[in-house]
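Colleague: Below is the file upload14.cif, with mmCIF, C-alpha atoms.
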```cif
data_entry
loop_
_atom_site.group_PDB
_atom_site.id
_atom_site.type_symbol
_atom_site.label_atom_id
_atom_site.label_comp_id
_atom_site.auth_asym_id
_atom_site.auth_seq_id
_atom_site.Cartn_x
_atom_site.Cartn_y
_atom_site.Cartn_z
ATOM 1 C CA MET A 1 110.274 -52.132 -84.923
ATOM 2 C CA LEU A 2 106.874 -51.990 -86.658
ATOM 3 C CA ALA A 3 105.559 -54.761 -84.429
ATOM 4 C CA ASP A 4 105.927 -52.392 -81.442
ATOM 5 C CA LEU A 5 103.835 -49.637 -83.065
ATOM 6 C CA ARG A 6 100.575 -50.658 -81.473
ATOM 7 C CA LEU A 7 98.221 -48.438 -79.519
ATOM 8 C CA GLU A 8 98.257 -50.710 -76.473
ATOM 9 C CA ALA A 9 102.096 -50.684 -76.438
ATOM 10 C CA LEU A 10 102.335 -46.909 -76.063
ATOM 11 C CA GLY A 11 103.481 -45.489 -72.770
ATOM 12 C CA ALA A 12 103.570 -42.014 -71.309
ATOM 13 C CA GLY A 13 105.873 -39.492 -72.970
ATOM 14 C CA GLN A 14 109.042 -38.199 -71.330
ATOM 15 C CA GLY A 15 107.589 -34.841 -70.407
ATOM 16 C CA ARG A 16 109.289 -31.468 -70.505
ATOM 17 C CA GLY A 17 110.882 -31.565 -67.065
ATOM 18 C CA ALA A 18 111.094 -28.455 -64.939
ATOM 19 C CA ALA A 19 109.881 -25.158 -66.421
ATOM 20 C CA LYS A 20 112.554 -22.904 -67.938
ATOM 21 C CA ARG A 21 113.331 -20.150 -65.386
ATOM 22 C CA VAL A 22 114.065 -17.007 -67.335
ATOM 23 C CA GLY A 23 115.032 -13.532 -66.172
ATOM 24 C CA ARG A 24 117.089 -14.781 -63.212
ATOM 25 C CA GLY A 25 120.441 -13.146 -63.912
ATOM 26 C CA ILE A 26 123.227 -13.377 -66.484
ATOM 27 C CA GLY A 27 124.772 -16.469 -64.936
ATOM 28 C CA SER A 28 121.751 -18.568 -65.885
ATOM 29 C CA GLY A 29 122.147 -17.868 -69.584
ATOM 30 C CA HIS A 30 118.484 -16.807 -69.690
ATOM 31 C CA GLY A 31 118.771 -13.464 -67.926
ATOM 32 C CA LYS A 32 118.228 -9.834 -68.978
ATOM 33 C CA THR A 33 115.941 -10.190 -72.029
ATOM 34 C CA SER A 34 114.603 -13.588 -70.896
ATOM 35 C CA CYS A 35 115.296 -15.319 -74.241
ATOM 36 C CA LYS A 36 113.109 -12.789 -76.091
ATOM 37 C CA GLY A 37 115.775 -10.809 -77.932
ATOM 38 C CA HIS A 38 115.775 -7.010 -77.971
ATOM 39 C CA LYS A 39 112.592 -4.924 -78.199
ATOM 40 C CA GLY A 40 109.831 -5.549 -80.706
ATOM 41 C CA GLN A 41 106.295 -6.753 -80.298
ATOM 42 C CA LYS A 42 107.290 -10.313 -79.404
ATOM 43 C CA ALA A 43 109.552 -9.092 -76.606
ATOM 44 C CA ARG A 44 106.707 -7.335 -74.785
ATOM 45 C CA SER A 45 104.408 -8.903 -72.253
ATOM 46 C CA GLY A 46 101.320 -10.265 -73.963
ATOM 47 C CA GLY A 47 103.141 -9.892 -77.262
ATOM 48 C CA VAL A 48 102.260 -13.282 -78.717
ATOM 49 C CA LYS A 49 99.154 -12.812 -80.832
ATOM 50 C CA GLY A 50 96.655 -15.531 -81.628
ATOM 51 C CA PRO A 51 96.645 -17.641 -84.786
ATOM 52 C CA ALA A 52 93.976 -15.436 -86.421
ATOM 53 C CA PHE A 53 95.943 -12.196 -85.921
ATOM 54 C CA GLU A 54 97.020 -10.714 -89.256
ATOM 55 C CA GLY A 55 99.090 -7.744 -88.119
ATOM 56 C CA GLY A 56 96.160 -5.376 -87.712
ATOM 57 C CA GLN A 57 94.631 -6.179 -91.094
ATOM 58 C CA LEU A 58 90.982 -7.196 -90.880
ATOM 59 C CA PRO A 59 91.166 -10.934 -90.088
ATOM 60 C CA MET A 60 89.849 -13.540 -92.474
ATOM 61 C CA HIS A 61 87.068 -14.617 -90.109
ATOM 62 C CA ARG A 62 85.763 -11.036 -90.123
ATOM 63 C CA ARG A 63 86.243 -10.447 -93.867
ATOM 64 C CA LEU A 64 84.128 -13.418 -94.940
ATOM 65 C CA PRO A 65 80.339 -13.034 -95.003
ATOM 66 C CA LYS A 66 78.266 -14.861 -92.431
ATOM 67 C CA ARG A 67 75.494 -16.648 -94.263
ATOM 68 C CA GLY A 68 73.368 -19.714 -94.012
ATOM 69 C CA PHE A 69 71.494 -21.607 -91.394
ATOM 70 C CA THR A 70 72.176 -24.637 -89.268
ATOM 71 C CA ASN A 71 69.496 -26.914 -87.947
ATOM 72 C CA ALA A 72 71.780 -28.400 -85.279
ATOM 73 C CA ALA A 73 69.755 -27.072 -82.365
ATOM 74 C CA PHE A 74 66.631 -28.826 -83.661
ATOM 75 C CA ARG A 75 68.099 -32.151 -84.799
ATOM 76 C CA GLN A 76 66.626 -35.395 -83.554
ATOM 77 C CA ARG A 77 68.708 -36.939 -80.786
ATOM 78 C CA TRP A 78 68.495 -40.672 -80.094
ATOM 79 C CA GLN A 79 69.532 -42.925 -77.247
ATOM 80 C CA GLU A 80 70.964 -46.038 -78.834
ATOM 81 C CA ILE A 81 70.898 -49.517 -77.370
ATOM 82 C CA ASN A 82 71.989 -52.794 -78.943
ATOM 83 C CA VAL A 83 70.024 -56.043 -78.809
ATOM 84 C CA ASP A 84 72.836 -57.799 -76.921
ATOM 85 C CA GLN A 85 72.167 -55.455 -73.977
ATOM 86 C CA LEU A 86 68.632 -56.833 -73.607
ATOM 87 C CA VAL A 87 69.899 -60.039 -71.932
ATOM 88 C CA LEU A 88 69.066 -58.446 -68.555
ATOM 89 C CA PHE A 89 65.369 -59.048 -69.175
ATOM 90 C CA ALA A 90 63.542 -62.335 -68.562
ATOM 91 C CA GLN A 91 61.831 -64.232 -71.349
ATOM 92 C CA GLY A 92 58.436 -62.743 -72.213
ATOM 93 C CA ALA A 93 59.232 -59.381 -70.599
ATOM 94 C CA VAL A 94 57.935 -56.139 -72.065
ATOM 95 C CA VAL A 95 60.925 -53.832 -72.568
ATOM 96 C CA THR A 96 59.925 -50.149 -72.557
ATOM 97 C CA PRO A 97 62.079 -47.000 -72.331
ATOM 98 C CA GLU A 98 61.065 -46.730 -68.667
ATOM 99 C CA GLU A 99 62.370 -50.279 -68.030
ATOM 100 C CA LEU A 100 65.609 -49.508 -69.897
ATOM 101 C CA SER A 101 66.082 -46.379 -67.797
ATOM 102 C CA ALA A 102 65.390 -48.281 -64.570
ATOM 103 C CA HIS A 103 68.116 -50.822 -65.498
ATOM 104 C CA GLY A 104 70.575 -48.017 -66.330
ATOM 105 C CA LEU A 105 70.793 -48.848 -70.041
ATOM 106 C CA ILE A 106 69.621 -45.376 -71.132
ATOM 107 C CA ARG A 107 69.813 -42.016 -69.384
ATOM 108 C CA ASP A 108 66.352 -40.602 -69.960
ATOM 109 C CA ALA A 109 63.053 -42.379 -70.602
ATOM 110 C CA ASN A 110 61.644 -39.306 -72.383
ATOM 111 C CA THR A 111 64.328 -39.102 -75.107
ATOM 112 C CA PRO A 112 63.571 -41.327 -78.150
ATOM 113 C CA VAL A 113 65.214 -44.783 -78.155
ATOM 114 C CA ARG A 114 66.741 -46.469 -81.201
ATOM 115 C CA VAL A 115 67.467 -50.205 -81.034
ATOM 116 C CA LEU A 116 70.505 -51.386 -83.034
ATOM 117 C CA GLY A 117 71.437 -54.903 -84.094
ATOM 118 C CA ARG A 118 74.811 -55.721 -82.494
ATOM 119 C CA GLY A 119 74.998 -59.168 -80.908
ATOM 120 C CA GLU A 120 72.340 -61.764 -80.218
ATOM 121 C CA CYS A 121 68.919 -61.052 -78.737
ATOM 122 C CA ALA A 122 67.417 -62.706 -75.661
ATOM 123 C CA PRO A 123 64.468 -64.927 -76.625
ATOM 124 C CA GLY A 124 60.822 -63.902 -76.447
ATOM 125 C CA LEU A 125 61.044 -60.194 -75.621
ATOM 126 C CA GLU A 126 58.477 -57.595 -76.563
ATOM 127 C CA VAL A 127 60.621 -54.497 -77.194
ATOM 128 C CA GLN A 128 58.998 -51.084 -77.430
ATOM 129 C CA ALA A 129 61.149 -48.302 -78.889
ATOM 130 C CA HIS A 130 60.778 -45.299 -81.158
ATOM 131 C CA THR A 131 62.727 -46.872 -84.030
ATOM 132 C CA PHE A 132 64.584 -50.095 -84.882
ATOM 133 C CA SER A 133 67.363 -50.843 -87.320
ATOM 134 C CA GLY A 134 66.583 -53.569 -89.844
ATOM 135 C CA ALA A 135 69.047 -55.987 -88.253
ATOM 136 C CA ALA A 136 67.627 -55.362 -84.771
ATOM 137 C CA ARG A 137 64.061 -56.011 -85.942
ATOM 138 C CA ARG A 138 65.134 -59.279 -87.657
ATOM 139 C CA LYS A 139 67.019 -60.507 -84.572
ATOM 140 C CA ILE A 140 64.218 -59.681 -82.130
ATOM 141 C CA GLU A 141 61.553 -61.320 -84.284
ATOM 142 C CA GLY A 142 63.890 -64.236 -85.107
ATOM 143 C CA ALA A 143 64.229 -64.934 -81.367
ATOM 144 C CA GLY A 144 60.449 -65.159 -81.016
ATOM 145 C CA GLY A 145 59.908 -61.605 -79.796
ATOM 146 C CA ARG A 146 58.110 -58.525 -81.073
ATOM 147 C CA ALA A 147 59.464 -55.127 -82.055
ATOM 148 C CA ASN A 148 56.795 -52.460 -81.433
ATOM 149 C CA VAL A 149 57.336 -48.877 -82.608
ATOM 150 C CA ILE A 150 56.204 -46.312 -80.041
ATOM 151 C CA GLY A 151 54.028 -43.601 -81.528
ATOM 152 C CA ALA A 152 53.275 -45.457 -84.775
ATOM 153 C CA ALA A 153 49.650 -45.845 -85.837
ATOM 154 C CA GLU A 154 48.324 -49.296 -85.004
ATOM 155 C CA ALA A 155 47.397 -51.220 -88.162
#
```
Take the structure in the file and give it back as structure tokens.

Modeller:
Amino acid sequence: MLADLRLEALGAGQGRGAAKRVGRGIGSGHGKTSCKGHKGQKARSGGVKGPAFEGGQLPMHRRLPKRGFTNAAFRQRWQEINVDQLVLFAQGAVVTPEELSAHGLIRDANTPVRVLGRGECAPGLEVQAHTFSGAARRKIEGAGGRANVIGAAEA
């Protein structure tokens, strides 16, 4: 039993079948009040209130003070690429964000690029990016290449 509980072994669910047709006469068993009982707020059209409705009392999301600040709109966004994706380039090639964009490895050449260290690097590449992980830098330089940071002051 437990051997069958794998994500790849799951299939589609059974589904609900046809929609319940209510209000179609007493012979259907769902006629007259359409399975809603007699009167009351839940028997009316639009009578189901949302999860935040508290019966008219001021809801919790309006009672609590709104404070603080989020920097989410100004956070730094990166386009990530792993060193094993650089196999498209010939030995000795200069890999820039424009080249990565032309090969379809990143979406936009103007958004900063971060190189990560998954996999093995192609030999002898000069990779130019805005930042490198430690593993990526070691793999690029270990394969005889260079990892140049764009925008860093030249030493």

Colleague: Name all residues at most 12 Å from A:Thr33 (count all atoms listed in the file; drop same-chain ones fewer than 2 positions away) and give them as a list in words.

Modeller: Val22, Gly23, Arg24, Gly25, Ile26, Ser28, Gly29, His30, Gly31, Cys35, Lys36, Gly37, His38, Lys39, Gly40, Lys42, Ala43, Arg44 and Ser45 of chain A

Colleague: So the first atom is atom CA of A:Val113 and the second is atom CA of A:Ala90; what is the distance between them in Å, to one decimal place?

Modeller: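 These atoms are spaced 20.1 Å apart.
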
Colleague: Which residues come within 12 Å of A:Gly117, counting all atoms listed in the file, excluding same-chain residues fewer than 2 positions away, as number ranges by chain?

Modeller: A: 80-86, 114-115, 119-121, 131-141

Colleague: Give me the result of the PyMOL selection byres ((chain A and resi 97) around 8) on this file, residue by residue, as a list of chain:residue names.

Modeller: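 This file gives the following for the PyMOL selection byres ((chain A and resi 97) around 8): A:Val95, A:Thr96, A:Glu98, A:Glu99, A:Leu100, A:Ser101, A:Ile106, A:Ala109, A:Asn110, A:Val113, A:Gln128, A:Ala129.
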
Colleague: Go ahead and write the selection's residues with C-alpha atoms as a PDB file, in the frame of the given file.

Modeller:
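Result file result-v4.pdb:
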```pdb
ATOM      1  CA  VAL A  95      60.925 -53.832 -72.568  1.00  0.00           C
ATOM      2  CA  THR A  96      59.925 -50.149 -72.557  1.00  0.00           C
ATOM      3  CA  GLU A  98      61.065 -46.730 -68.667  1.00  0.00           C
ATOM      4  CA  GLU A  99      62.370 -50.279 -68.030  1.00  0.00           C
ATOM      5  CA  LEU A 100      65.609 -49.508 -69.897  1.00  0.00           C
ATOM      6  CA  SER A 101      66.082 -46.379 -67.797  1.00  0.00           C
ATOM      7  CA  ILE A 106      69.621 -45.376 -71.132  1.00  0.00           C
ATOM      8  CA  ALA A 109      63.053 -42.379 -70.602  1.00  0.00           C
ATOM      9  CA  ASN A 110      61.644 -39.306 -72.383  1.00  0.00           C
ATOM     10  CA  VAL A 113      65.214 -44.783 -78.155  1.00  0.00           C
ATOM     11  CA  GLN A 128      58.998 -51.084 -77.430  1.00  0.00           C
ATOM     12  CA  ALA A 129      61.149 -48.302 -78.889  1.00  0.00           C
TER      13      ALA A 129
END
```

Colleague: I'd like the interatomic distance between atom CA of A:Leu88 and atom CA of A:Val127, to a tenth of an Å.

Modeller: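 Between atom CA of A:Leu88 and atom CA of A:Val127 the gap works out to 12.7 Å.
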
Colleague: Work out how far atom CA of A:Gln79 is from atom CA of A:Asp108, in Å to one decimal.

Modeller: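 Here the two named atoms are 8.3 Å from each other.
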
Colleague: Within 12 Å of A:Arg63, counting only C-alpha atoms, which residues show up once you throw out same-chain ones fewer than 5 positions away? Write them as a list of chain:residue names, please.

Modeller: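 Neighbouring residues, sequence-local ones excluded: A:Ala52, A:Glu54, A:Gln57, A:Leu58.
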
Colleague: Just checking: using all atoms listed in the file, which residue out of A:Gln76, A:Asn71, A:Asn148, A:Gln41 ends up closest to A:Val94?

Modeller: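 Result for the nearest residue to A:Val94: A:Asn148.
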
Colleague: Determine the nearest neighbour of A:Glu126 from the options A:Gly92, A:Gly46, A:Gly104, A:Gly142, counting only C-alpha atoms.

Modeller: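 Result for the nearest residue to A:Glu126: A:Gly92.
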
Colleague: Quick one: stretch 95-106 of chain A with all heavy atoms, as an mmCIF file, in the coordinates of the input?

Modeller:
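Okay, selection.cif is ready:
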```cif
data_model
loop_
_atom_site.group_PDB
_atom_site.id
_atom_site.type_symbol
_atom_site.label_atom_id
_atom_site.label_comp_id
_atom_site.auth_asym_id
_atom_site.auth_seq_id
_atom_site.Cartn_x
_atom_site.Cartn_y
_atom_site.Cartn_z
ATOM 1 N N VAL A 95 59.808 -54.767 -72.751
ATOM 2 C CA VAL A 95 60.925 -53.832 -72.568
ATOM 3 C C VAL A 95 60.508 -52.468 -73.098
ATOM 4 O O VAL A 95 60.341 -52.281 -74.298
ATOM 5 C CB VAL A 95 62.188 -54.338 -73.297
ATOM 6 C CG1 VAL A 95 63.344 -53.381 -73.071
ATOM 7 C CG2 VAL A 95 62.545 -55.735 -72.829
ATOM 8 N N THR A 96 60.313 -51.509 -72.191
ATOM 9 C CA THR A 96 59.925 -50.149 -72.557
ATOM 10 C C THR A 96 61.078 -49.202 -72.230
ATOM 11 O O THR A 96 62.011 -49.588 -71.516
ATOM 12 C CB THR A 96 58.679 -49.726 -71.762
ATOM 13 O OG1 THR A 96 59.023 -49.730 -70.374
ATOM 14 C CG2 THR A 96 57.502 -50.653 -72.014
ATOM 15 N N PRO A 97 61.038 -47.960 -72.716
ATOM 16 C CA PRO A 97 62.079 -47.000 -72.331
ATOM 17 C C PRO A 97 62.165 -46.797 -70.821
ATOM 18 O O PRO A 97 63.257 -46.595 -70.284
ATOM 19 C CB PRO A 97 61.644 -45.717 -73.042
ATOM 20 C CG PRO A 97 60.923 -46.185 -74.251
ATOM 21 C CD PRO A 97 60.199 -47.428 -73.816
ATOM 22 N N GLU A 98 61.039 -46.873 -70.122
ATOM 23 C CA GLU A 98 61.065 -46.730 -68.667
ATOM 24 C C GLU A 98 61.838 -47.885 -68.026
ATOM 25 O O GLU A 98 62.607 -47.682 -67.075
ATOM 26 C CB GLU A 98 59.633 -46.679 -68.109
ATOM 27 C CG GLU A 98 58.877 -45.406 -68.446
ATOM 28 C CD GLU A 98 58.346 -45.368 -69.875
ATOM 29 O OE1 GLU A 98 58.252 -46.440 -70.526
ATOM 30 O OE2 GLU A 98 58.027 -44.263 -70.339
ATOM 31 N N GLU A 99 61.633 -49.116 -68.540
ATOM 32 C CA GLU A 99 62.370 -50.279 -68.030
ATOM 33 C C GLU A 99 63.857 -50.154 -68.327
ATOM 34 O O GLU A 99 64.701 -50.474 -67.492
ATOM 35 C CB GLU A 99 61.818 -51.574 -68.652
ATOM 36 C CG GLU A 99 60.453 -51.954 -68.165
ATOM 37 C CD GLU A 99 60.469 -52.391 -66.709
ATOM 38 O OE1 GLU A 99 61.437 -53.074 -66.299
ATOM 39 O OE2 GLU A 99 59.541 -52.035 -65.973
ATOM 40 N N LEU A 100 64.202 -49.689 -69.535
ATOM 41 C CA LEU A 100 65.609 -49.508 -69.897
ATOM 42 C C LEU A 100 66.266 -48.485 -68.983
ATOM 43 O O LEU A 100 67.406 -48.661 -68.551
ATOM 44 C CB LEU A 100 65.728 -49.066 -71.363
ATOM 45 C CG LEU A 100 65.301 -50.095 -72.408
ATOM 46 C CD1 LEU A 100 65.264 -49.459 -73.782
ATOM 47 C CD2 LEU A 100 66.233 -51.291 -72.396
ATOM 48 N N SER A 101 65.549 -47.419 -68.681
ATOM 49 C CA SER A 101 66.082 -46.379 -67.797
ATOM 50 C C SER A 101 66.251 -46.914 -66.376
ATOM 51 O O SER A 101 67.244 -46.627 -65.706
ATOM 52 C CB SER A 101 65.146 -45.175 -67.799
ATOM 53 O OG SER A 101 65.621 -44.175 -66.936
ATOM 54 N N ALA A 102 65.302 -47.722 -65.913
ATOM 55 C CA ALA A 102 65.390 -48.281 -64.570
ATOM 56 C C ALA A 102 66.581 -49.230 -64.427
ATOM 57 O O ALA A 102 67.170 -49.333 -63.358
ATOM 58 C CB ALA A 102 64.096 -49.026 -64.238
ATOM 59 N N HIS A 103 66.961 -49.915 -65.519
ATOM 60 C CA HIS A 103 68.116 -50.822 -65.498
ATOM 61 C C HIS A 103 69.415 -50.107 -65.822
ATOM 62 O O HIS A 103 70.470 -50.744 -65.899
ATOM 63 C CB HIS A 103 67.898 -51.975 -66.482
ATOM 64 C CG HIS A 103 66.974 -53.030 -65.962
ATOM 65 N ND1 HIS A 103 65.604 -52.894 -65.995
ATOM 66 C CD2 HIS A 103 67.227 -54.227 -65.369
ATOM 67 C CE1 HIS A 103 65.049 -53.971 -65.466
ATOM 68 N NE2 HIS A 103 66.009 -54.798 -65.073
ATOM 69 N N GLY A 104 69.363 -48.785 -66.067
ATOM 70 C CA GLY A 104 70.575 -48.017 -66.330
ATOM 71 C C GLY A 104 71.127 -48.176 -67.729
ATOM 72 O O GLY A 104 72.289 -47.853 -67.982
ATOM 73 N N LEU A 105 70.316 -48.668 -68.670
ATOM 74 C CA LEU A 105 70.793 -48.848 -70.041
ATOM 75 C C LEU A 105 70.659 -47.577 -70.869
ATOM 76 O O LEU A 105 71.353 -47.422 -71.878
ATOM 77 C CB LEU A 105 70.038 -49.998 -70.712
ATOM 78 C CG LEU A 105 70.290 -51.371 -70.077
ATOM 79 C CD1 LEU A 105 69.401 -52.420 -70.710
ATOM 80 C CD2 LEU A 105 71.752 -51.751 -70.219
ATOM 81 N N ILE A 106 69.743 -46.686 -70.495
ATOM 82 C CA ILE A 106 69.621 -45.376 -71.132
ATOM 83 C C ILE A 106 69.536 -44.331 -70.030
ATOM 84 O O ILE A 106 69.236 -44.647 -68.882
ATOM 85 C CB ILE A 106 68.390 -45.281 -72.076
ATOM 86 C CG1 ILE A 106 67.098 -45.512 -71.296
ATOM 87 C CG2 ILE A 106 68.520 -46.234 -73.242
ATOM 88 C CD1 ILE A 106 65.843 -45.270 -72.109
#
```
